[in-house]
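See below for run_2.pdb, which holds PDB, C-alpha atoms, pLDDT in the B column.
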```pdb
ATOM      1  CA  MET A 231      -0.015  22.338  10.560  1.00 70.00           C
ATOM      2  CA  ASN A 232       0.332  22.762  14.306  1.00 81.00           C
ATOM      3  CA  ARG A 233       2.612  20.754  16.599  1.00 84.00           C
ATOM      4  CA  LYS A 234      -0.209  18.589  17.968  1.00 78.00           C
ATOM      5  CA  SER A 235      -1.322  17.680  14.458  1.00 82.00           C
ATOM      6  CA  LYS A 236       2.240  16.829  13.359  1.00 87.00           C
ATOM      7  CA  THR A 237       2.791  14.684  16.430  1.00 89.00           C
ATOM      8  CA  LEU A 238      -0.476  12.866  15.855  1.00 86.00           C
ATOM      9  CA  ARG A 239       0.387  12.231  12.189  1.00 88.00           C
ATOM     10  CA  ILE A 240       3.858  10.887  13.083  1.00 92.00           C
ATOM     11  CA  THR A 241       2.391   8.675  15.801  1.00 92.00           C
ATOM     12  CA  TYR A 242      -0.305   7.417  13.477  1.00 88.00           C
ATOM     13  CA  THR A 243       2.265   6.634  10.758  1.00 95.00           C
ATOM     14  CA  ALA A 244       4.426   4.748  13.254  1.00 96.00           C
ATOM     15  CA  ALA A 245       1.408   2.748  14.431  1.00 95.00           C
ATOM     16  CA  LEU A 246       0.561   1.791  10.845  1.00 96.00           C
ATOM     17  CA  ILE A 247       4.159   0.751  10.186  1.00 97.00           C
ATOM     18  CA  ALA A 248       4.017  -1.392  13.332  1.00 96.00           C
ATOM     19  CA  LEU A 249       0.725  -2.912  12.146  1.00 96.00           C
ATOM     20  CA  LEU A 250       2.291  -3.604   8.769  1.00 95.00           C
ATOM     21  CA  VAL A 251       5.260  -5.386  10.362  1.00 94.00           C
ATOM     22  CA  VAL A 252       2.939  -7.487  12.537  1.00 94.00           C
ATOM     23  CA  ILE A 253       0.835  -8.444   9.509  1.00 94.00           C
ATOM     24  CA  GLN A 254       3.926  -9.430   7.545  1.00 92.00           C
ATOM     25  CA  ALA A 255       5.390 -11.422  10.433  1.00 91.00           C
ATOM     26  CA  VAL A 256       2.139 -13.217  11.264  1.00 91.00           C
ATOM     27  CA  THR A 257       1.276 -14.071   7.661  1.00 89.00           C
ATOM     28  CA  ALA A 258       4.834 -15.070   6.715  1.00 82.00           C
ATOM     29  CA  GLY A 259       4.123 -18.690   7.589  1.00 80.00           C
ATOM     30  CA  PHE A 260       0.941 -18.821   5.512  1.00 79.00           C
ATOM     31  CA  GLY A 261       2.813 -19.035   2.217  1.00 71.00           C
ATOM     32  CA  ASN A 262      -0.147 -17.204   0.699  1.00 73.00           C
ATOM     33  CA  THR A 263       0.695 -13.935  -1.010  1.00 82.00           C
ATOM     34  CA  ILE A 264      -2.997 -13.139  -1.509  1.00 92.00           C
ATOM     35  CA  VAL A 265      -3.634 -12.793   2.243  1.00 93.00           C
ATOM     36  CA  THR A 266      -0.433 -10.891   2.972  1.00 93.00           C
ATOM     37  CA  GLY A 267      -0.653  -8.697  -0.122  1.00 94.00           C
ATOM     38  CA  THR A 268      -4.287  -7.817   0.492  1.00 96.00           C
ATOM     39  CA  LEU A 269      -3.645  -6.777   4.088  1.00 96.00           C
ATOM     40  CA  VAL A 270      -0.470  -4.859   3.239  1.00 96.00           C
ATOM     41  CA  ASN A 271      -2.242  -2.962   0.451  1.00 97.00           C
ATOM     42  CA  ALA A 272      -5.111  -2.177   2.819  1.00 98.00           C
ATOM     43  CA  VAL A 273      -2.645  -0.704   5.341  1.00 98.00           C
ATOM     44  CA  LEU A 274      -0.997   1.364   2.585  1.00 98.00           C
ATOM     45  CA  ILE A 275      -4.358   2.770   1.511  1.00 96.00           C
ATOM     46  CA  ILE A 276      -5.462   3.463   5.078  1.00 95.00           C
ATOM     47  CA  ALA A 277      -2.158   5.243   5.722  1.00 95.00           C
ATOM     48  CA  VAL A 278      -2.463   7.588   2.760  1.00 95.00           C
ATOM     49  CA  MET A 279      -6.164   8.259   3.257  1.00 92.00           C
ATOM     50  CA  THR A 280      -5.908   9.010   6.969  1.00 90.00           C
ATOM     51  CA  GLY A 281      -2.390  10.390   7.377  1.00 91.00           C
ATOM     52  CA  GLY A 282      -1.856  12.049   4.009  1.00 92.00           C
ATOM     53  CA  PHE A 283       0.620  11.478   1.211  1.00 95.00           C
ATOM     54  CA  TRP A 284       3.793  11.481   3.304  1.00 95.00           C
ATOM     55  CA  SER A 285       2.361   9.058   5.834  1.00 95.00           C
ATOM     56  CA  GLY A 286       1.388   6.716   3.014  1.00 96.00           C
ATOM     57  CA  ALA A 287       4.790   7.144   1.383  1.00 97.00           C
ATOM     58  CA  ALA A 288       6.615   6.262   4.610  1.00 97.00           C
ATOM     59  CA  VAL A 289       4.593   3.064   5.004  1.00 97.00           C
ATOM     60  CA  ALA A 290       4.988   2.268   1.278  1.00 98.00           C
ATOM     61  CA  LEU A 291       8.775   2.549   1.447  1.00 97.00           C
ATOM     62  CA  VAL A 292       9.175   0.602   4.699  1.00 96.00           C
ATOM     63  CA  SER A 293       6.911  -2.236   3.569  1.00 95.00           C
ATOM     64  CA  PRO A 294       9.199  -4.083   1.108  1.00 96.00           C
ATOM     65  CA  VAL A 295      12.220  -3.764   3.395  1.00 95.00           C
ATOM     66  CA  MET A 296      10.312  -5.216   6.339  1.00 93.00           C
ATOM     67  CA  ALA A 297       8.889  -7.941   4.097  1.00 92.00           C
ATOM     68  CA  LYS A 298      12.422  -8.973   3.176  1.00 92.00           C
ATOM     69  CA  LEU A 299      13.528  -8.872   6.818  1.00 91.00           C
ATOM     70  CA  THR A 300      10.558 -11.017   7.921  1.00 86.00           C
ATOM     71  CA  GLY A 301      11.356 -13.589   5.244  1.00 85.00           C
ATOM     72  CA  ILE A 302       8.464 -13.001   2.880  1.00 87.00           C
ATOM     73  CA  GLY A 303      10.134 -10.551   0.525  1.00 84.00           C
ATOM     74  CA  PRO A 304      11.962 -11.550  -2.641  1.00 83.00           C
ATOM     75  CA  LEU A 305      15.455 -10.509  -3.672  1.00 88.00           C
ATOM     76  CA  TRP A 306      16.938  -7.259  -2.342  1.00 93.00           C
ATOM     77  CA  SER A 307      17.378  -6.026  -5.925  1.00 92.00           C
ATOM     78  CA  LEU A 308      13.581  -6.022  -6.386  1.00 94.00           C
ATOM     79  CA  ILE A 309      12.853  -3.806  -3.367  1.00 96.00           C
ATOM     80  CA  PRO A 310      13.122  -0.486  -5.273  1.00 96.00           C
ATOM     81  CA  PHE A 311      10.531  -1.744  -7.762  1.00 96.00           C
ATOM     82  CA  ILE A 312       8.204  -2.949  -5.019  1.00 97.00           C
ATOM     83  CA  ALA A 313       8.564   0.402  -3.256  1.00 97.00           C
ATOM     84  CA  ALA A 314       7.798   2.162  -6.561  1.00 98.00           C
ATOM     85  CA  GLY A 315       4.692   0.015  -7.005  1.00 98.00           C
ATOM     86  CA  ASN A 316       3.571   0.868  -3.475  1.00 98.00           C
ATOM     87  CA  LEU A 317       4.190   4.565  -4.140  1.00 98.00           C
ATOM     88  CA  ALA A 318       2.138   4.362  -7.332  1.00 98.00           C
ATOM     89  CA  LEU A 319      -0.718   2.822  -5.338  1.00 98.00           C
ATOM     90  CA  ILE A 320      -0.729   5.482  -2.632  1.00 97.00           C
ATOM     91  CA  ALA A 321      -0.162   8.379  -5.059  1.00 97.00           C
ATOM     92  CA  VAL A 322      -3.187   7.443  -7.141  1.00 96.00           C
ATOM     93  CA  TRP A 323      -5.345   7.000  -4.020  1.00 94.00           C
ATOM     94  CA  HIS A 324      -4.152  10.343  -2.665  1.00 94.00           C
ATOM     95  CA  PHE A 325      -4.721  12.367  -5.800  1.00 92.00           C
ATOM     96  CA  ALA A 326      -7.877  10.601  -7.016  1.00 90.00           C
ATOM     97  CA  CYS A 327      -9.639  11.037  -3.688  1.00 85.00           C
ATOM     98  CA  ARG A 328      -8.643  14.675  -3.285  1.00 77.00           C
ATOM     99  CA  ARG A 329     -10.333  15.802  -6.508  1.00 70.00           C
ATOM    100  CA  ARG A 330     -13.064  18.329  -5.987  1.00 64.00           C
ATOM    101  CA  GLY A 331     -16.464  17.842  -7.557  1.00 62.00           C
ATOM    102  CA  ILE A 332     -16.315  14.056  -7.535  1.00 65.00           C
ATOM    103  CA  PRO A 333     -18.602  12.308  -5.044  1.00 69.00           C
ATOM    104  CA  ARG A 334     -16.630  10.580  -2.294  1.00 76.00           C
ATOM    105  CA  TYR A 335     -17.888   7.095  -3.147  1.00 76.00           C
ATOM    106  CA  ALA A 336     -17.207   7.460  -6.882  1.00 80.00           C
ATOM    107  CA  GLY A 337     -13.758   8.885  -6.157  1.00 81.00           C
ATOM    108  CA  ARG A 338     -12.855   5.948  -3.975  1.00 87.00           C
ATOM    109  CA  ILE A 339     -14.096   3.368  -6.465  1.00 90.00           C
ATOM    110  CA  GLY A 340     -12.139   5.144  -9.201  1.00 90.00           C
ATOM    111  CA  ALA A 341      -9.085   5.271  -6.967  1.00 92.00           C
ATOM    112  CA  LEU A 342      -9.456   1.578  -6.170  1.00 95.00           C
ATOM    113  CA  ILE A 343      -9.369   0.584  -9.835  1.00 96.00           C
ATOM    114  CA  ALA A 344      -6.805   3.132 -11.035  1.00 96.00           C
ATOM    115  CA  ALA A 345      -4.412   2.576  -8.119  1.00 97.00           C
ATOM    116  CA  ALA A 346      -4.522  -1.213  -8.490  1.00 98.00           C
ATOM    117  CA  ALA A 347      -3.790  -0.845 -12.200  1.00 98.00           C
ATOM    118  CA  ALA A 348      -0.941   1.607 -11.534  1.00 98.00           C
ATOM    119  CA  LYS A 349       0.712  -0.676  -8.983  1.00 98.00           C
ATOM    120  CA  PHE A 350       0.296  -3.680 -11.264  1.00 98.00           C
ATOM    121  CA  LEU A 351       1.840  -1.839 -14.222  1.00 98.00           C
ATOM    122  CA  VAL A 352       4.837  -0.576 -12.241  1.00 98.00           C
ATOM    123  CA  LEU A 353       5.557  -4.046 -10.837  1.00 97.00           C
ATOM    124  CA  TYR A 354       4.839  -5.939 -14.046  1.00 97.00           C
ATOM    125  CA  LEU A 355       6.908  -3.686 -16.277  1.00 97.00           C
ATOM    126  CA  GLY A 356       9.727  -3.143 -13.785  1.00 96.00           C
ATOM    127  CA  ILE A 357      10.122  -6.664 -12.456  1.00 95.00           C
ATOM    128  CA  VAL A 358       8.600  -9.068 -14.990  1.00 94.00           C
ATOM    129  CA  LYS A 359       9.668  -7.262 -18.163  1.00 94.00           C
ATOM    130  CA  VAL A 360      12.953  -5.597 -17.109  1.00 93.00           C
ATOM    131  CA  MET A 361      14.557  -7.047 -13.971  1.00 92.00           C
ATOM    132  CA  VAL A 362      13.867 -10.760 -14.365  1.00 90.00           C
ATOM    133  CA  PRO A 363      14.688 -11.248 -18.062  1.00 88.00           C
ATOM    134  CA  LEU A 364      17.328  -8.572 -18.578  1.00 86.00           C
ATOM    135  CA  LEU A 365      19.169  -7.973 -15.321  1.00 82.00           C
ATOM    136  CA  LEU A 366      18.794 -10.836 -12.874  1.00 82.00           C
ATOM    137  CA  LYS A 367      19.734 -13.775 -15.122  1.00 80.00           C
ATOM    138  CA  LEU A 368      18.026 -16.259 -12.784  1.00 83.00           C
ATOM    139  CA  PRO A 369      17.509 -19.959 -13.485  1.00 87.00           C
ATOM    140  CA  GLU A 370      14.217 -20.674 -15.291  1.00 87.00           C
ATOM    141  CA  PRO A 371      12.255 -22.055 -12.305  1.00 87.00           C
ATOM    142  CA  GLN A 372      13.132 -19.043 -10.129  1.00 88.00           C
ATOM    143  CA  SER A 373      12.396 -16.582 -12.962  1.00 89.00           C
ATOM    144  CA  THR A 374       8.980 -18.156 -13.472  1.00 91.00           C
ATOM    145  CA  VAL A 375       8.122 -17.973  -9.768  1.00 90.00           C
ATOM    146  CA  ILE A 376       9.180 -14.326  -9.420  1.00 90.00           C
ATOM    147  CA  SER A 377       7.431 -13.323 -12.652  1.00 92.00           C
ATOM    148  CA  GLY A 378       4.285 -15.070 -11.449  1.00 92.00           C
ATOM    149  CA  MET A 379       4.405 -13.266  -8.092  1.00 92.00           C
ATOM    150  CA  PHE A 380       4.607  -9.843  -9.725  1.00 94.00           C
ATOM    151  CA  SER A 381       1.928 -10.193 -12.359  1.00 94.00           C
ATOM    152  CA  VAL A 382      -1.832 -10.741 -11.926  1.00 95.00           C
ATOM    153  CA  PRO A 383      -1.645 -11.519  -8.163  1.00 95.00           C
ATOM    154  CA  GLN A 384      -0.464  -7.925  -7.600  1.00 96.00           C
ATOM    155  CA  LEU A 385      -3.517  -6.567  -9.375  1.00 97.00           C
ATOM    156  CA  VAL A 386      -5.778  -8.867  -7.357  1.00 97.00           C
ATOM    157  CA  THR A 387      -4.207  -8.009  -3.984  1.00 97.00           C
ATOM    158  CA  ALA A 388      -4.288  -4.270  -4.724  1.00 97.00           C
ATOM    159  CA  LEU A 389      -7.988  -4.486  -5.606  1.00 98.00           C
ATOM    160  CA  LEU A 390      -8.760  -6.633  -2.551  1.00 97.00           C
ATOM    161  CA  GLY A 391      -6.696  -4.322  -0.340  1.00 97.00           C
ATOM    162  CA  GLY A 392      -8.846  -1.412  -1.477  1.00 96.00           C
ATOM    163  CA  ILE A 393     -12.010  -3.378  -0.817  1.00 96.00           C
ATOM    164  CA  VAL A 394     -10.775  -4.181   2.710  1.00 97.00           C
ATOM    165  CA  ALA A 395      -9.696  -0.564   3.290  1.00 95.00           C
ATOM    166  CA  LEU A 396     -13.010   1.049   2.279  1.00 93.00           C
ATOM    167  CA  PRO A 397     -15.065  -0.040   5.331  1.00 93.00           C
ATOM    168  CA  VAL A 398     -12.110   0.673   7.618  1.00 94.00           C
ATOM    169  CA  LEU A 399     -11.883   4.193   6.208  1.00 90.00           C
ATOM    170  CA  ALA A 400     -15.621   4.657   6.747  1.00 88.00           C
ATOM    171  CA  ALA A 401     -15.244   3.525  10.383  1.00 91.00           C
ATOM    172  CA  VAL A 402     -12.285   5.860  10.922  1.00 87.00           C
ATOM    173  CA  LYS A 403     -14.323   8.735   9.484  1.00 83.00           C
ATOM    174  CA  ARG A 404     -17.245   7.961  11.814  1.00 85.00           C
ATOM    175  CA  ALA A 405     -14.896   7.714  14.812  1.00 84.00           C
ATOM    176  CA  ASP A 406     -13.260  11.027  13.892  1.00 73.00           C
ATOM    177  CA  LEU A 407     -16.627  12.757  13.591  1.00 65.00           C
ATOM    178  CA  SER A 408     -17.692  11.279  16.927  1.00 63.00           C
ATOM    179  CA  ARG A 409     -14.454  12.446  18.580  1.00 64.00           C
ATOM    180  CA  ARG A 410     -14.907  15.940  17.166  1.00 60.00           C
ATOM    181  CA  ALA A 411     -18.467  16.064  18.471  1.00 57.00           C
ATOM    182  CA  ASP A 412     -17.257  14.979  21.922  1.00 56.00           C
ATOM    183  CA  ASP A 413     -14.517  17.638  21.843  1.00 58.00           C
ATOM    184  CA  ALA A 414     -17.078  20.319  21.012  1.00 54.00           C
ATOM    185  CA  VAL A 415     -19.189  19.547  24.091  1.00 51.00           C
TER     186      VAL A 415
END
```
Could you spell out this file's structure in structure tokens?
Amino acid sequence: MNRKSKTLRITYTAALIALLVVIQAVTAGFGNTIVTGTLVNAVLIIAVMTGGFWSGAAVALVSPVMAKLTGIGPLWSLIPFIAAGNLALIAVWHFACRRRGIPRYAGRIGALIAAAAAKFLVLYLGIVKVMVPLLLKLPEPQSTVISGMFSVPQLVTALLGGIVALPVLAAVKRADLSRRADDAV
């Protein structure tokens, strides 16, 4: 990878992290995890699909920390699990869409479903089944709220995030092809 390409990838990753922070800050007052989660997952997917695995990983790891700092994230002790869920999402998208011999559309639909399931499983098992009942020892109302946040809504927001990301990825692809055509002239 040449210097220009590396610089562009770093700049692009920084721009997506900035977009992520803005989304989290703006939607913090909504009190609606579906809106925030959907948009955050879309940014994660766009990052990995346009900037590569390490770009997606950087955004995935920064996301839960910034969520906590903007007031929408849960307990600090849950951040490693949220980061792991985000990494599962981007890893599945990265590897599923890089497979040769699979049509692009089919690969992305497969990635959408598999990545949402992977993120859900990591969060559900790590937070709902391990952290909340065994390690956190929270009062019942708080345990119920946290367990509810990291169950089915995570699957829904990961699926919706992929649905939002798909047309954005198509537009980015068209813009990239257009830019390359302009550069060739």
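Considering all atoms listed in the file, the residue among A:Val256, A:Leu390, A:Val251, A:Ala341 positioned nearest to Arg328 (chain A) is A:Ala341.
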Report as a ChimeraX atom specification all protein, DNA and RNA residues lying within 12 Å of region 363-366 of chain A, evaluated on only C-alpha atoms, omitting residues in the same chain fewer than 2 positions from it. /A:305-308,354-361,368-370,372-374,376-377
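Distance annotation: of A:Ile276, A:Leu385, A:Ala287, A:Val322, the residue with the minimal separation from Lys403 (chain A) is A:Ile276; atom set is only C-alpha atoms.
Among the candidates A:Phe260, A:Ile302, A:Thr243, A:Val252, the one nearest to Ala288 (chain A) when counting all atoms listed in the file is A:Thr243.
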What are the closest atom pairs, with distances in Å to one decimal, for all residues of region 273-294 of chain A lying within 10 Å of region 392-396 of chain A? Consider all atoms listed in the file, order rows by chain and residue number, and present the result as JSON lines.
```
{"residue": "A:Val273", "atom": "CA", "partner": "A:Ala395", "partner_atom": "CA", "distance": 7.3}
{"residue": "A:Leu274", "atom": "CA", "partner": "A:Ala395", "partner_atom": "CA", "distance": 8.9}
{"residue": "A:Ile275", "atom": "CA", "partner": "A:Ala395", "partner_atom": "CA", "distance": 6.5}
{"residue": "A:Ile276", "atom": "CA", "partner": "A:Ala395", "partner_atom": "CA", "distance": 6.1}
{"residue": "A:Ala277", "atom": "CA", "partner": "A:Ala395", "partner_atom": "CA", "distance": 9.8}
{"residue": "A:Met279", "atom": "CA", "partner": "A:Ala395", "partner_atom": "CA", "distance": 9.5}
```
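Put simply, the PyMOL selection byres ((chain A and resi 285) around 10) on this file hits Arg239, Ile240, Thr241, Tyr242, Thr243, Ala244, Leu246, Ile247, Leu274, Ile276, Ala277, Val278, Met279, Thr280, Gly281, Gly282, Phe283, Trp284, Gly286, Ala287, Ala288, Val289, Ala290 and Ile320 of chain A.
In this comparison, which uses only C-alpha atoms, the residue of A:Gly391, A:Pro371, A:Gly259, A:Gly378 approaching Thr300 (chain A) most closely is A:Gly259.
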Pick from A:Arg404, A:Lys367, A:Lys234, A:Lys349: nearest to Gln384 (chain A), with all atoms listed in the file counted? A:Lys349
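Computed from the coordinates, the CA of Thr263 (chain A) to CA of Val398 (chain A) distance equals 21.3 Å.
Put simply, CA of Thr387 (chain A) is 14.2 Å away from CA of Gln254 (chain A).
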Taking the file as shown, find all residues satisfying the PyMOL selection byres ((chain A and resi 340) around 12) and write them as a JSON list (two decimals) with C-alpha atoms, in the coordinates of the input.
```json
[["chain", "number", "residue", "atom", "x", "y", "z"],
["A", 322, "VAL", "CA", -3.19, 7.44, -7.14],
["A", 323, "TRP", "CA", -5.34, 7.00, -4.02],
["A", 324, "HIS", "CA", -4.15, 10.34, -2.66],
["A", 325, "PHE", "CA", -4.72, 12.37, -5.80],
["A", 326, "ALA", "CA", -7.88, 10.60, -7.02],
["A", 327, "CYS", "CA", -9.64, 11.04, -3.69],
["A", 328, "ARG", "CA", -8.64, 14.68, -3.28],
["A", 329, "ARG", "CA", -10.33, 15.80, -6.51],
["A", 332, "ILE", "CA", -16.32, 14.06, -7.54],
["A", 333, "PRO", "CA", -18.60, 12.31, -5.04],
["A", 334, "ARG", "CA", -16.63, 10.58, -2.29],
["A", 335, "TYR", "CA", -17.89, 7.10, -3.15],
["A", 336, "ALA", "CA", -17.21, 7.46, -6.88],
["A", 337, "GLY", "CA", -13.76, 8.88, -6.16],
["A", 338, "ARG", "CA", -12.86, 5.95, -3.98],
["A", 339, "ILE", "CA", -14.10, 3.37, -6.46],
["A", 341, "ALA", "CA", -9.09, 5.27, -6.97],
["A", 342, "LEU", "CA", -9.46, 1.58, -6.17],
["A", 343, "ILE", "CA", -9.37, 0.58, -9.84],
["A", 344, "ALA", "CA", -6.80, 3.13, -11.04],
["A", 345, "ALA", "CA", -4.41, 2.58, -8.12],
["A", 346, "ALA", "CA", -4.52, -1.21, -8.49],
["A", 347, "ALA", "CA", -3.79, -0.84, -12.20],
["A", 348, "ALA", "CA", -0.94, 1.61, -11.53],
["A", 389, "LEU", "CA", -7.99, -4.49, -5.61],
["A", 392, "GLY", "CA", -8.85, -1.41, -1.48],
["A", 393, "ILE", "CA", -12.01, -3.38, -0.82]]
```
What gap, in Å, lies between CA of Ile253 (chain A) and CA of Gly301 (chain A)? 12.5 Å
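Distances from A:Val362, A:Ala255, A:Ala400, A:Leu238 to Phe311 (chain A) were compared using all atoms listed in the file, and the smallest one belongs to A:Val362.
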Given the file above and the PyMOL selection byres ((chain A and resi 309) around 10), which residues are selected, and can you give them as a PDB file with C-alpha atoms, in the coordinates of the input?
```
ATOM      1  CA  LEU A 291       8.775   2.549   1.447  1.00 97.00           C
ATOM      2  CA  VAL A 292       9.175   0.602   4.699  1.00 96.00           C
ATOM      3  CA  SER A 293       6.911  -2.236   3.569  1.00 95.00           C
ATOM      4  CA  PRO A 294       9.199  -4.083   1.108  1.00 96.00           C
ATOM      5  CA  VAL A 295      12.220  -3.764   3.395  1.00 95.00           C
ATOM      6  CA  ALA A 297       8.889  -7.941   4.097  1.00 92.00           C
ATOM      7  CA  LYS A 298      12.422  -8.973   3.176  1.00 92.00           C
ATOM      8  CA  GLY A 303      10.134 -10.551   0.525  1.00 84.00           C
ATOM      9  CA  PRO A 304      11.962 -11.550  -2.641  1.00 83.00           C
ATOM     10  CA  LEU A 305      15.455 -10.509  -3.672  1.00 88.00           C
ATOM     11  CA  TRP A 306      16.938  -7.259  -2.342  1.00 93.00           C
ATOM     12  CA  SER A 307      17.378  -6.026  -5.925  1.00 92.00           C
ATOM     13  CA  LEU A 308      13.581  -6.022  -6.386  1.00 94.00           C
ATOM     14  CA  PRO A 310      13.122  -0.486  -5.273  1.00 96.00           C
ATOM     15  CA  PHE A 311      10.531  -1.744  -7.762  1.00 96.00           C
ATOM     16  CA  ILE A 312       8.204  -2.949  -5.019  1.00 97.00           C
ATOM     17  CA  ALA A 313       8.564   0.402  -3.256  1.00 97.00           C
ATOM     18  CA  ALA A 314       7.798   2.162  -6.561  1.00 98.00           C
ATOM     19  CA  GLY A 315       4.692   0.015  -7.005  1.00 98.00           C
ATOM     20  CA  ILE A 357      10.122  -6.664 -12.456  1.00 95.00           C
TER      21      ILE A 357
END
```
